[in-house]
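> As input, take protein17.cif (mmCIF, C-alpha atoms and all ligand atoms):
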```
data_target
#
loop_
_atom_site.label_atom_id
_atom_site.label_comp_id
_atom_site.auth_asym_id
_atom_site.auth_seq_id
_atom_site.Cartn_x
_atom_site.Cartn_y
_atom_site.Cartn_z
CA MET A 7 -24.33 -67.56 22.69
CA GLN A 8 -23.70 -65.19 25.61
CA PHE A 9 -25.92 -62.10 25.91
CA GLU A 10 -23.18 -59.56 25.09
CA GLN A 11 -22.09 -61.53 22.04
CA GLN A 12 -25.65 -61.88 20.73
CA TYR A 13 -26.29 -58.19 21.37
CA GLY A 14 -23.19 -57.39 19.29
CA VAL A 15 -24.42 -59.57 16.41
CA TYR A 16 -27.84 -57.87 16.39
CA LEU A 17 -26.24 -54.43 16.63
CA SER A 18 -23.89 -54.97 13.73
CA ASP A 19 -26.67 -56.48 11.57
CA ILE A 20 -28.87 -53.46 12.32
CA GLU A 21 -26.13 -50.93 11.48
CA LYS A 22 -25.48 -52.68 8.15
CA THR A 23 -29.19 -52.88 7.34
CA LEU A 24 -29.76 -49.20 8.14
CA GLU A 25 -26.83 -48.22 5.94
CA GLY A 26 -28.24 -50.40 3.14
CA PHE A 27 -31.66 -48.75 3.18
CA LEU A 28 -30.41 -45.16 3.44
CA PRO A 29 -30.10 -43.10 0.28
CA ILE A 30 -26.68 -41.78 -0.73
CA ALA A 31 -26.57 -38.84 -3.13
CA ASP A 32 -23.33 -37.77 -4.76
CA GLU A 33 -24.85 -34.88 -6.69
CA PRO A 34 -27.19 -32.13 -5.41
CA TRP A 35 -30.30 -33.02 -7.46
CA PRO A 36 -30.15 -36.59 -8.78
CA ALA A 37 -32.84 -36.97 -11.47
CA ASN A 38 -34.67 -39.85 -9.80
CA GLY A 39 -33.03 -39.78 -6.42
CA VAL A 40 -32.96 -38.07 -3.06
CA PRO A 41 -31.61 -34.49 -2.91
CA GLN A 42 -28.10 -34.50 -1.52
CA ASN A 43 -28.75 -32.23 1.49
CA LEU A 44 -31.80 -34.32 2.44
CA SER A 45 -29.80 -37.54 2.19
CA GLN A 46 -27.08 -36.00 4.40
CA ALA A 47 -29.58 -34.91 7.05
CA MET A 48 -31.24 -38.35 7.10
CA ARG A 49 -27.90 -40.14 7.39
CA TYR A 50 -26.64 -37.72 10.07
CA SER A 51 -29.31 -38.69 12.58
CA LEU A 52 -30.00 -42.30 11.64
CA LEU A 53 -26.34 -43.31 11.71
CA ALA A 54 -25.52 -41.37 14.88
CA GLY A 55 -25.43 -44.45 17.09
CA GLY A 56 -27.87 -44.85 19.93
CA LYS A 57 -28.59 -48.05 21.79
CA ARG A 58 -30.78 -49.46 19.01
CA LEU A 59 -33.06 -50.82 21.72
CA ARG A 60 -36.23 -50.94 19.60
CA PRO A 61 -34.75 -52.79 16.59
CA ILE A 62 -32.97 -55.24 18.88
CA LEU A 63 -36.26 -55.85 20.69
CA LEU A 64 -37.91 -56.56 17.35
CA LEU A 65 -35.23 -59.03 16.26
CA ALA A 66 -35.11 -60.74 19.65
CA SER A 67 -38.90 -61.02 19.84
CA TYR A 68 -38.93 -62.66 16.42
CA ARG A 69 -36.05 -64.90 17.52
CA SER A 70 -37.98 -65.99 20.62
CA LYS A 71 -40.30 -67.81 18.18
CA LYS A 72 -38.24 -68.54 15.05
CA ASP A 73 -34.54 -68.83 14.25
CA ASP A 74 -34.28 -67.06 10.87
CA PHE A 75 -34.31 -63.58 12.42
CA GLU A 76 -32.61 -62.06 9.33
CA VAL A 77 -36.01 -61.87 7.61
CA SER A 78 -37.14 -59.38 10.25
CA LEU A 79 -34.18 -56.99 9.68
CA PRO A 80 -36.07 -54.60 7.33
CA PHE A 81 -38.72 -54.18 10.05
CA ALA A 82 -36.05 -53.62 12.70
CA ALA A 83 -34.52 -50.92 10.48
CA ALA A 84 -37.96 -49.39 9.96
CA ILE A 85 -38.69 -49.10 13.68
CA GLU A 86 -35.34 -47.34 14.20
CA MET A 87 -36.18 -44.93 11.34
CA ILE A 88 -39.47 -44.10 13.08
CA HIS A 89 -37.73 -43.67 16.43
CA THR A 90 -35.10 -41.40 14.85
CA TYR A 91 -37.71 -39.26 13.08
CA SER A 92 -39.49 -38.81 16.42
CA LEU A 93 -36.24 -37.70 18.10
CA ILE A 94 -35.44 -35.22 15.30
CA HIS A 95 -38.90 -33.66 15.57
CA ASP A 96 -38.90 -33.79 19.38
CA ASP A 97 -35.65 -31.77 19.45
CA LEU A 98 -37.10 -28.91 17.36
CA PRO A 99 -37.57 -25.51 19.02
CA ALA A 100 -41.35 -25.92 18.62
CA MET A 101 -41.21 -29.08 20.76
CA ASP A 102 -38.52 -29.86 23.34
CA ASN A 103 -35.92 -27.48 21.90
CA ASP A 104 -32.84 -29.63 22.47
CA ASP A 105 -29.48 -28.73 20.95
CA LEU A 106 -27.81 -32.04 21.65
CA ARG A 107 -28.83 -35.58 20.69
CA ARG A 108 -26.83 -38.80 20.73
CA GLY A 109 -23.83 -36.72 21.81
CA LYS A 110 -23.93 -34.49 18.70
CA PRO A 111 -25.69 -31.24 17.73
CA SER A 112 -29.32 -32.13 17.07
CA ASN A 113 -30.48 -32.31 13.46
CA HIS A 114 -31.91 -28.78 13.29
CA LYS A 115 -28.68 -27.38 14.77
CA ALA A 116 -26.68 -29.09 12.04
CA PHE A 117 -29.04 -28.62 9.06
CA GLY A 118 -31.60 -25.98 10.05
CA GLU A 119 -35.22 -26.37 11.13
CA ALA A 120 -36.73 -26.91 7.70
CA MET A 121 -34.33 -29.75 6.88
CA ALA A 122 -34.94 -31.29 10.31
CA ILE A 123 -38.68 -31.37 9.67
CA LEU A 124 -38.20 -32.73 6.17
CA SER A 125 -35.57 -35.34 7.03
CA GLY A 126 -37.80 -36.56 9.88
CA ASP A 127 -40.72 -36.81 7.43
CA ALA A 128 -38.49 -38.62 4.94
CA LEU A 129 -37.36 -41.18 7.54
CA LEU A 130 -40.96 -41.86 8.52
CA ASN A 131 -41.89 -42.47 4.88
CA LEU A 132 -38.79 -44.57 4.27
CA ALA A 133 -39.80 -46.76 7.23
CA PHE A 134 -43.16 -47.60 5.72
CA GLU A 135 -41.70 -47.97 2.21
CA THR A 136 -39.11 -50.40 3.59
CA MET A 137 -41.75 -52.52 5.32
CA ALA A 138 -44.20 -52.38 2.42
CA GLU A 139 -41.51 -53.61 0.04
CA SER A 140 -40.77 -56.65 2.15
CA ASN A 141 -42.46 -59.70 0.70
CA HIS A 142 -42.69 -61.37 4.08
CA PRO A 143 -46.07 -63.17 4.34
CA TYR A 144 -46.85 -61.45 7.66
CA ALA A 145 -45.57 -57.99 6.63
CA LEU A 146 -49.03 -56.44 6.82
CA LYS A 147 -49.62 -57.80 10.34
CA ALA A 148 -46.33 -56.27 11.50
CA ILE A 149 -47.06 -52.96 9.76
CA ARG A 150 -50.42 -52.80 11.56
CA GLN A 151 -48.75 -53.38 14.94
CA ILE A 152 -46.37 -50.51 14.24
CA ALA A 153 -48.71 -48.05 12.50
CA SER A 154 -51.42 -48.34 15.14
CA ARG A 155 -48.95 -47.50 17.94
CA THR A 156 -46.93 -44.72 16.30
CA GLY A 157 -49.72 -42.56 14.88
CA ALA A 158 -52.44 -40.27 16.21
CA ARG A 159 -53.64 -42.82 18.78
CA GLY A 160 -50.12 -43.78 19.85
CA MET A 161 -46.76 -42.04 20.03
CA ILE A 162 -48.00 -38.83 18.44
CA ALA A 163 -50.92 -38.69 20.93
CA GLY A 164 -48.39 -39.09 23.74
CA GLN A 165 -46.27 -36.26 22.39
CA VAL A 166 -49.35 -34.02 22.12
CA GLY A 167 -50.15 -34.86 25.77
CA ASP A 168 -46.56 -34.17 26.82
CA ILE A 169 -46.50 -30.74 25.19
CA SER A 170 -50.02 -29.79 26.29
CA MET A 171 -49.29 -30.58 29.95
CA GLU A 172 -46.12 -28.48 30.26
CA GLY A 173 -46.48 -26.09 33.17
CA LYS A 174 -49.80 -27.65 34.27
CA ALA A 175 -50.54 -29.08 37.71
CA PRO A 176 -49.39 -32.71 38.08
CA ASP A 177 -52.10 -35.20 37.14
CA GLU A 178 -51.61 -38.94 37.64
CA SER A 179 -53.90 -40.21 34.92
CA MET A 180 -52.53 -37.75 32.35
CA LEU A 181 -48.99 -38.73 33.26
CA CYS A 182 -49.82 -42.42 32.71
CA TYR A 183 -51.40 -41.51 29.35
CA ILE A 184 -48.27 -39.61 28.28
CA HIS A 185 -45.85 -42.36 29.34
CA GLN A 186 -47.90 -45.11 27.75
CA HIS A 187 -48.23 -43.36 24.42
CA LYS A 188 -45.09 -41.25 24.11
CA THR A 189 -42.69 -44.04 25.01
CA ALA A 190 -44.25 -47.44 25.71
CA ASP A 191 -46.27 -47.65 22.49
CA LEU A 192 -43.17 -47.67 20.28
CA ILE A 193 -41.36 -50.16 22.50
CA ALA A 194 -44.42 -52.45 22.53
CA ALA A 195 -44.76 -51.98 18.75
CA ALA A 196 -41.22 -53.32 18.27
CA VAL A 197 -41.94 -56.42 20.36
CA LEU A 198 -45.35 -57.06 18.78
CA ALA A 199 -44.13 -56.54 15.21
CA GLY A 200 -41.35 -59.10 15.79
CA LEU A 201 -43.81 -61.58 17.26
CA ALA A 202 -46.38 -60.97 14.50
CA LEU A 203 -43.77 -61.58 11.79
CA ALA A 204 -42.93 -64.90 13.43
CA GLY A 205 -46.60 -65.90 13.20
CA SER A 206 -47.13 -65.91 16.99
CA ASP A 207 -50.45 -66.99 18.50
CA GLU A 208 -52.78 -64.78 20.59
CA GLU A 209 -51.32 -65.98 23.88
CA SER A 210 -47.78 -65.01 22.87
CA MET A 211 -48.99 -61.66 21.55
CA ASP A 212 -50.60 -60.96 24.93
CA ILE A 213 -47.40 -61.84 26.75
CA GLY A 214 -45.42 -59.66 24.31
CA LYS A 215 -47.80 -56.77 24.89
CA LYS A 216 -47.36 -56.98 28.65
CA PHE A 217 -43.58 -57.27 28.29
CA GLY A 218 -43.40 -54.28 25.91
CA TYR A 219 -45.63 -51.98 27.90
CA HIS A 220 -44.00 -52.62 31.26
CA LEU A 221 -40.55 -52.26 29.73
CA GLY A 222 -41.66 -49.01 28.09
CA LEU A 223 -43.00 -47.59 31.35
CA ALA A 224 -39.83 -48.57 33.25
CA PHE A 225 -37.83 -46.96 30.44
CA GLN A 226 -39.67 -43.64 30.64
CA ILE A 227 -39.58 -43.40 34.44
CA HIS A 228 -35.86 -44.19 34.26
CA ASP A 229 -35.45 -41.47 31.61
CA ASP A 230 -37.28 -38.99 33.86
CA LEU A 231 -34.94 -39.93 36.72
CA SER A 232 -31.86 -39.62 34.50
CA ASP A 233 -32.84 -36.05 33.68
CA ILE A 234 -32.39 -35.33 37.40
CA LEU A 235 -29.61 -37.74 38.36
CA GLY A 236 -27.66 -38.20 35.09
CA SER A 237 -24.98 -36.16 33.35
CA GLU A 238 -24.92 -34.62 29.89
CA THR A 239 -21.89 -36.78 28.98
CA SER A 240 -23.51 -40.08 29.90
CA MET A 241 -26.88 -39.17 28.37
CA GLY A 242 -25.62 -37.45 25.21
CA LYS A 243 -28.29 -34.78 25.71
CA ARG A 244 -29.07 -31.91 28.04
CA VAL A 245 -30.12 -32.81 31.60
CA ASN A 246 -32.05 -31.00 34.37
CA LYS A 247 -34.40 -29.67 31.76
CA ASP A 248 -37.75 -31.18 32.76
CA LYS A 249 -38.08 -29.06 35.91
CA GLU A 250 -36.98 -25.94 34.08
CA ILE A 251 -39.77 -26.22 31.51
CA GLY A 252 -42.37 -27.55 33.96
CA LYS A 253 -42.66 -30.97 32.32
CA MET A 254 -44.99 -33.47 33.96
CA THR A 255 -42.75 -36.38 34.96
CA TRP A 256 -42.90 -39.32 37.37
CA PRO A 257 -40.46 -37.71 39.85
CA SER A 258 -42.35 -34.40 39.68
CA LEU A 259 -45.47 -36.24 40.80
CA HIS A 260 -44.06 -38.93 43.10
CA GLY A 261 -40.52 -37.90 44.07
CA ILE A 262 -37.28 -39.73 43.34
CA LYS A 263 -37.57 -42.68 45.71
CA GLU A 264 -41.07 -43.65 44.66
CA SER A 265 -40.10 -43.24 41.03
CA GLN A 266 -37.25 -45.70 41.50
CA THR A 267 -39.67 -48.15 43.12
CA ALA A 268 -42.12 -47.75 40.22
CA ALA A 269 -39.36 -48.26 37.61
CA ASP A 270 -38.21 -51.41 39.46
CA PHE A 271 -41.79 -52.71 39.56
CA HIS A 272 -42.30 -52.25 35.81
CA LEU A 273 -38.93 -53.78 34.99
CA LYS A 274 -39.65 -56.79 37.21
CA THR A 275 -43.07 -57.26 35.62
CA ALA A 276 -41.51 -57.07 32.13
CA VAL A 277 -38.89 -59.66 33.05
CA GLN A 278 -41.56 -61.97 34.51
CA SER A 279 -43.52 -61.69 31.25
CA ALA A 280 -40.48 -62.59 29.12
CA GLU A 281 -39.91 -65.56 31.45
CA MET A 282 -43.21 -66.94 30.18
CA PHE A 283 -41.55 -67.51 26.80
CA GLY A 284 -39.35 -70.07 28.57
CA GLU A 285 -35.77 -70.50 27.45
CA GLN A 286 -36.54 -68.57 24.24
CA GLY A 287 -37.32 -65.49 26.35
CA GLN A 288 -33.88 -65.47 28.02
CA PHE A 289 -32.39 -62.82 25.71
CA LEU A 290 -35.43 -60.55 26.13
CA MET A 291 -35.15 -60.85 29.91
CA GLU A 292 -31.46 -59.98 29.82
CA LEU A 293 -32.06 -57.14 27.34
CA ALA A 294 -34.64 -55.59 29.66
CA GLN A 295 -32.20 -55.74 32.58
CA HIS A 296 -29.26 -54.54 30.48
CA THR A 297 -31.23 -51.44 29.39
CA PHE A 298 -31.10 -50.07 32.94
CA LYS A 299 -27.50 -50.85 33.77
CA ASN A 300 -26.09 -47.38 32.98
C1 LIG B 401 -42.24 -36.02 17.72
C2 LIG B 401 -44.16 -37.57 17.20
C3 LIG B 401 -43.07 -37.21 18.05
C4 LIG B 401 -42.81 -37.97 19.13
C5 LIG B 401 -41.70 -37.76 20.00
C6 LIG B 401 -39.42 -39.85 21.12
C7 LIG B 401 -40.34 -38.83 21.61
C8 LIG B 401 -41.73 -38.76 21.08
C9 LIG B 401 -39.88 -37.90 22.42
C10 LIG B 401 -38.44 -37.85 22.84
C11 LIG B 401 -38.33 -37.42 24.22
C12 LIG B 401 -38.42 -38.55 25.17
C13 LIG B 401 -37.89 -38.30 26.52
C14 LIG B 401 -38.97 -39.67 24.83
C15 LIG B 401 -39.07 -40.81 25.65
C16 LIG B 401 -38.41 -41.92 24.99
C17 LIG B 401 -36.95 -41.75 25.03
C18 LIG B 401 -36.25 -41.74 26.32
C19 LIG B 401 -36.32 -41.67 23.89
C20 LIG B 401 -34.87 -41.75 23.74
O1 LIG B 401 -34.66 -43.11 23.44
P1 LIG B 401 -33.30 -43.84 23.68
O2 LIG B 401 -32.78 -43.54 25.05
O3 LIG B 401 -32.37 -43.10 22.63
O4 LIG B 401 -33.48 -45.28 23.32
P2 LIG B 401 -31.24 -43.71 21.68
O5 LIG B 401 -30.46 -42.49 21.23
O6 LIG B 401 -30.39 -44.67 22.47
O7 LIG B 401 -31.95 -44.38 20.55
#
```
Please express the file's structure as structure tokens.
Ligand code: GRG


Amino acid sequence: MQFEQQYGVYLSDIEKTLEGFLPIADEPWPANGVPQNLSQAMRYSLLAGGKRLRPILLLASYRSKKDDFEVSLPFAAAIEMIHTYSLIHDDLPAMDNDDLRRGKPSNHKAFGEAMAILSGDALLNLAFETMAESNHPYALKAIRQIASRTGARGMIAGQVGDISMEGKAPDESMLCYIHQHKTADLIAAAVLAGLALAGSDEESMDIGKKFGYHLGLAFQIHDDLSDILGSETSMGKRVNKDKEIGKMTWPSLHGIKESQTAADFHLKTAVQSAEMFGEQGQFLMELAQHTFKN
């Protein structure tokens, strides 16, 4: 199957799976269900589109080892729930204060700050509930890969670094810390959870780790560059904001040209890692390249 066609299959499976796991409430306070306004706020952000990069990475990483990728769909949905919760919270006035996300008013603009906090919390819990309810024999291994990279030592640590460094003098090692944890940890978690579910050996996990981290770093540098070079329409969010708020970014430390070189280096290293999976790594290689086409 051609890359675009396979991407379309994964995307449509993910959208259906997300819809299937999301609560729908047709009355305000269902006795044993989710309050209607909470359900609406969760659905608003989770079904707002997005590239679905992380769930597709999870499915494709599983698929690089085993064919029956459908068994990994609950985990793919879970990683997108975690990603979406992080975006909802990141957009809050107390964090990045963004009014626009995925081309629509951000969650707190549509539902208010309290509901944005609570719907983010609810998506995070739903992610772990979804994975815990899977009876896949390697569910716990996949949950560990995800939990260890999204919590206080992972994505949340990166976000704390990002916020704490606003307005501070550029610092190379702190910037690497922020990029690794804020962005690359979740991307690597998706790859490693997919591989773990497929029962991959140590060698494959190491290759997956390298692939995920380099892809994640390329992704964040590219995102930093897009804030300077991109448009609000193409990004679906506000641009030219990092400089305004004194955010520590790759271009702020190294300039645009060097940032492009660094992003190219990380992308190339990611692609070379996926190549080590042989023919089965083809989709991952193409996915990495496709991510930077726009
Ligand atoms: C609030 C705990 C917590 C963490 C927030 C996700 C995040 C960490 C911050 C968002 C800001 C940011 C620039 C993160 C870097 C990763 C990034 C570019 C996220 C956006 O991901 P895309 O482009 O978005 O894959 P879509 O909408 O396509 O899913």

> Kindly compile the residues surrounding ligand LIG 401 (chain B) within 6 Å, counting all atoms listed in the file, and format them as a VMD selection string.

chain A and resid 56 to 59 92 to 93 95 to 96 108 161 to 162 165 188 to 189 226 229

> Do a neighbour search on Ser240 in chain A at 12 Å with only C-alpha atoms, toss out local chain neighbours closer than 2 positions, and write the hits as a list in words.

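Those residues are Gly56, Arg107, Arg108, Gly109, Ser232, Asp233, Leu235, Gly236, Ser237, Glu238, Gly242, Lys243, Arg244, Val245 and Asn300 of chain A.
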
> How close does range 47-130 of chain A get to range 277-280 of chain A? List, as a tab-separated table, each residue of range 47-130 of chain A within 12 Å, its nearest atom pair and the distance in Å to one decimal, counting only C-alpha atoms.


```
residue	atom	partner	partner_atom	distance
A:Leu63	CA	A:Ala280	CA	11.6
A:Ala66	CA	A:Ala280	CA	11.0
A:Ser67	CA	A:Ala280	CA	9.5
A:Ser70	CA	A:Ala280	CA	9.5
```

> Name the residues in contact with range 27-33 of chain A at a cut-off of 7 Å, using all atoms listed in the file, excluding same-chain residues fewer than 5 positions from it; report them as a PyMOL selection string.

chain A and resi 40-42+45+49

> Identify which of the residues A:Arg155, A:Lys216, A:Arg150, A:His272 lies closest to Ala202 in chain A, counting only C-alpha atoms when measuring atom-to-atom distances.

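Comparing A:Arg155, A:Lys216, A:Arg150, A:His272 against Ala202 in chain A, the winner is A:Arg150.
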
> I want to know what sits within 8 Å of Ile94 in chain A, based on only C-alpha atoms, with residues of the same chain fewer than 3 positions away left out; could you give that as a ChimeraX atom specification?

/A:51,90-91,97-98,112-114,122-123,126

> Output C-alpha atoms for every residue in that selection, as a JSON list (two decimals), in the frame of the given file.


```json
[["chain", "number", "residue", "atom", "x", "y", "z"],
["A", 51, "SER", "CA", -29.31, -38.69, 12.58],
["A", 90, "THR", "CA", -35.10, -41.40, 14.85],
["A", 91, "TYR", "CA", -37.71, -39.26, 13.08],
["A", 97, "ASP", "CA", -35.65, -31.77, 19.45],
["A", 98, "LEU", "CA", -37.10, -28.91, 17.36],
["A", 112, "SER", "CA", -29.32, -32.13, 17.07],
["A", 113, "ASN", "CA", -30.48, -32.31, 13.46],
["A", 114, "HIS", "CA", -31.91, -28.78, 13.29],
["A", 122, "ALA", "CA", -34.94, -31.29, 10.31],
["A", 123, "ILE", "CA", -38.68, -31.37, 9.67],
["A", 126, "GLY", "CA", -37.80, -36.56, 9.88]]
```

> Could you state the separation of CA of Ser125 in chain A and CA of Ser170 in chain A in Å, given to one decimal place?

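Here the two named atoms are 24.7 Å from each other.
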
> Residues at most 12 Å from His187 in chain A, counting all atoms listed in the file, excluding those fewer than 6 positions away in the same chain, as a PDB file with C-alpha atoms, in the frame of the given file?


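File produced: out_37.pdb:
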```pdb
ATOM      1  CA  SER A 154     -51.420 -48.340  15.140  1.00  0.00           C
ATOM      2  CA  ARG A 155     -48.950 -47.500  17.940  1.00  0.00           C
ATOM      3  CA  THR A 156     -46.930 -44.720  16.300  1.00  0.00           C
ATOM      4  CA  GLY A 157     -49.720 -42.560  14.880  1.00  0.00           C
ATOM      5  CA  ALA A 158     -52.440 -40.270  16.210  1.00  0.00           C
ATOM      6  CA  ARG A 159     -53.640 -42.820  18.780  1.00  0.00           C
ATOM      7  CA  GLY A 160     -50.120 -43.780  19.850  1.00  0.00           C
ATOM      8  CA  MET A 161     -46.760 -42.040  20.030  1.00  0.00           C
ATOM      9  CA  ILE A 162     -48.000 -38.830  18.440  1.00  0.00           C
ATOM     10  CA  ALA A 163     -50.920 -38.690  20.930  1.00  0.00           C
ATOM     11  CA  GLY A 164     -48.390 -39.090  23.740  1.00  0.00           C
ATOM     12  CA  GLN A 165     -46.270 -36.260  22.390  1.00  0.00           C
ATOM     13  CA  VAL A 166     -49.350 -34.020  22.120  1.00  0.00           C
ATOM     14  CA  GLY A 167     -50.150 -34.860  25.770  1.00  0.00           C
ATOM     15  CA  ASP A 168     -46.560 -34.170  26.820  1.00  0.00           C
ATOM     16  CA  MET A 180     -52.530 -37.750  32.350  1.00  0.00           C
ATOM     17  CA  LEU A 181     -48.990 -38.730  33.260  1.00  0.00           C
ATOM     18  CA  ILE A 193     -41.360 -50.160  22.500  1.00  0.00           C
ATOM     19  CA  ALA A 194     -44.420 -52.450  22.530  1.00  0.00           C
ATOM     20  CA  ALA A 195     -44.760 -51.980  18.750  1.00  0.00           C
ATOM     21  CA  TYR A 219     -45.630 -51.980  27.900  1.00  0.00           C
ATOM     22  CA  GLY A 222     -41.660 -49.010  28.090  1.00  0.00           C
ATOM     23  CA  LEU A 223     -43.000 -47.590  31.350  1.00  0.00           C
ATOM     24  CA  GLN A 226     -39.670 -43.640  30.640  1.00  0.00           C
TER      25      GLN A 226
END
```

> Emit as AutoDock Vina command-line options the padded axis-aligned box for all listed atoms of range 50-67 of chain A, 3 Å per side, with centre and edge lengths in Å to one decimal.


```
--center_x -32.2 --center_y -49.4 --center_z 15.9 --size_x 19.5 --size_y 29.3 --size_z 17.7
```

> Suppose you want the space between CA of Met211 in chain A and CA of Asp270 in chain A; what is it in Å?

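Distance reported for this atom pair: 23.3 Å.
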
> Just to confirm, what's the straight-line distance from CA of Gln46 in chain A to CA of Glu76 in chain A in Å (one decimal)?

27.1 Å

> Show me, as a list of chain:residue names, the residues that have an atom within 8 Å of Ala268 in chain A when counting only C-alpha atoms, minus same-chain residues fewer than 4 positions from it.

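So, after excluding close chain neighbours, the residues are A:Ala224, A:Ile227, A:Glu264, A:His272.
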
> Would you save the residues from that selection as a PDB file, in the coordinates of the input, using C-alpha atoms?


```
ATOM      1  CA  ALA A 224     -39.830 -48.570  33.250  1.00  0.00           C
ATOM      2  CA  ILE A 227     -39.580 -43.400  34.440  1.00  0.00           C
ATOM      3  CA  GLU A 264     -41.070 -43.650  44.660  1.00  0.00           C
ATOM      4  CA  HIS A 272     -42.300 -52.250  35.810  1.00  0.00           C
TER       5      HIS A 272
END
```

> With all atoms listed in the file as the atoms that count, which of A:Lys253, A:Gly200, A:Met7, A:Asp19 lies nearest to Ile152 in chain A?

A:Gly200

> Kindly indicate which residue among A:Pro61, A:Pro257, A:Gly173, A:Gly118 lies nearest to Asn43 in chain A, using all atoms listed in the file for the distances.

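Comparing A:Pro61, A:Pro257, A:Gly173, A:Gly118 against Asn43 in chain A, the winner is A:Gly118.
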
> My list of candidates is A:Pro176, A:Thr267, A:Lys247, A:Glu10. Which is closest to Asp102 in chain A when distances are computed with only C-alpha atoms?

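Smallest separation from Asp102 in chain A among the options: A:Lys247.
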
> Working from the structure I just supplied, which lacks atoms in range 199-214 of chain A, can you model N, CA and C atoms there and output them as a PDB file, keeping the file's coordinate frame?


```pdb
ATOM      1  N   ALA A 199     -44.404 -56.354  16.639  1.00  0.00           N
ATOM      2  CA  ALA A 199     -44.130 -56.540  15.210  1.00  0.00           C
ATOM      3  C   ALA A 199     -43.233 -57.767  15.020  1.00  0.00           C
ATOM      4  N   GLY A 200     -42.235 -57.916  15.882  1.00  0.00           N
ATOM      5  CA  GLY A 200     -41.350 -59.100  15.790  1.00  0.00           C
ATOM      6  C   GLY A 200     -42.137 -60.380  15.997  1.00  0.00           C
ATOM      7  N   LEU A 201     -43.011 -60.377  16.981  1.00  0.00           N
ATOM      8  CA  LEU A 201     -43.810 -61.580  17.260  1.00  0.00           C
ATOM      9  C   LEU A 201     -44.795 -61.855  16.116  1.00  0.00           C
ATOM     10  N   ALA A 202     -45.409 -60.796  15.588  1.00  0.00           N
ATOM     11  CA  ALA A 202     -46.380 -60.970  14.500  1.00  0.00           C
ATOM     12  C   ALA A 202     -45.702 -61.563  13.269  1.00  0.00           C
ATOM     13  N   LEU A 203     -44.505 -61.069  12.960  1.00  0.00           N
ATOM     14  CA  LEU A 203     -43.770 -61.580  11.790  1.00  0.00           C
ATOM     15  C   LEU A 203     -43.456 -63.070  11.935  1.00  0.00           C
ATOM     16  N   ALA A 204     -43.253 -63.484  13.179  1.00  0.00           N
ATOM     17  CA  ALA A 204     -42.930 -64.900  13.430  1.00  0.00           C
ATOM     18  C   ALA A 204     -44.197 -65.750  13.483  1.00  0.00           C
ATOM     19  N   GLY A 205     -45.349 -65.147  13.226  1.00  0.00           N
ATOM     20  CA  GLY A 205     -46.600 -65.900  13.200  1.00  0.00           C
ATOM     21  C   GLY A 205     -47.061 -66.334  14.590  1.00  0.00           C
ATOM     22  N   SER A 206     -46.793 -65.529  15.601  1.00  0.00           N
ATOM     23  CA  SER A 206     -47.130 -65.910  16.990  1.00  0.00           C
ATOM     24  C   SER A 206     -48.638 -65.995  17.225  1.00  0.00           C
ATOM     25  N   ASP A 207     -49.026 -66.855  18.164  1.00  0.00           N
ATOM     26  CA  ASP A 207     -50.450 -66.990  18.500  1.00  0.00           C
ATOM     27  C   ASP A 207     -50.878 -65.877  19.478  1.00  0.00           C
ATOM     28  N   GLU A 208     -52.202 -65.812  19.715  1.00  0.00           N
ATOM     29  CA  GLU A 208     -52.780 -64.780  20.590  1.00  0.00           C
ATOM     30  C   GLU A 208     -52.113 -64.727  21.963  1.00  0.00           C
ATOM     31  N   GLU A 209     -51.883 -65.914  22.519  1.00  0.00           N
ATOM     32  CA  GLU A 209     -51.320 -65.980  23.880  1.00  0.00           C
ATOM     33  C   GLU A 209     -49.936 -65.309  23.912  1.00  0.00           C
ATOM     34  N   SER A 210     -49.125 -65.610  22.913  1.00  0.00           N
ATOM     35  CA  SER A 210     -47.780 -65.010  22.870  1.00  0.00           C
ATOM     36  C   SER A 210     -47.867 -63.510  22.628  1.00  0.00           C
ATOM     37  N   MET A 211     -48.839 -63.097  21.793  1.00  0.00           N
ATOM     38  CA  MET A 211     -48.990 -61.660  21.550  1.00  0.00           C
ATOM     39  C   MET A 211     -49.363 -60.938  22.848  1.00  0.00           C
ATOM     40  N   ASP A 212     -50.215 -61.579  23.654  1.00  0.00           N
ATOM     41  CA  ASP A 212     -50.600 -60.960  24.930  1.00  0.00           C
ATOM     42  C   ASP A 212     -49.403 -60.837  25.874  1.00  0.00           C
ATOM     43  N   ILE A 213     -48.602 -61.879  25.895  1.00  0.00           N
ATOM     44  CA  ILE A 213     -47.400 -61.840  26.750  1.00  0.00           C
ATOM     45  C   ILE A 213     -46.462 -60.730  26.249  1.00  0.00           C
ATOM     46  N   GLY A 214     -46.293 -60.671  24.914  1.00  0.00           N
ATOM     47  CA  GLY A 214     -45.420 -59.660  24.310  1.00  0.00           C
ATOM     48  C   GLY A 214     -45.908 -58.249  24.618  1.00  0.00           C
TER      49      GLY A 214
END
```
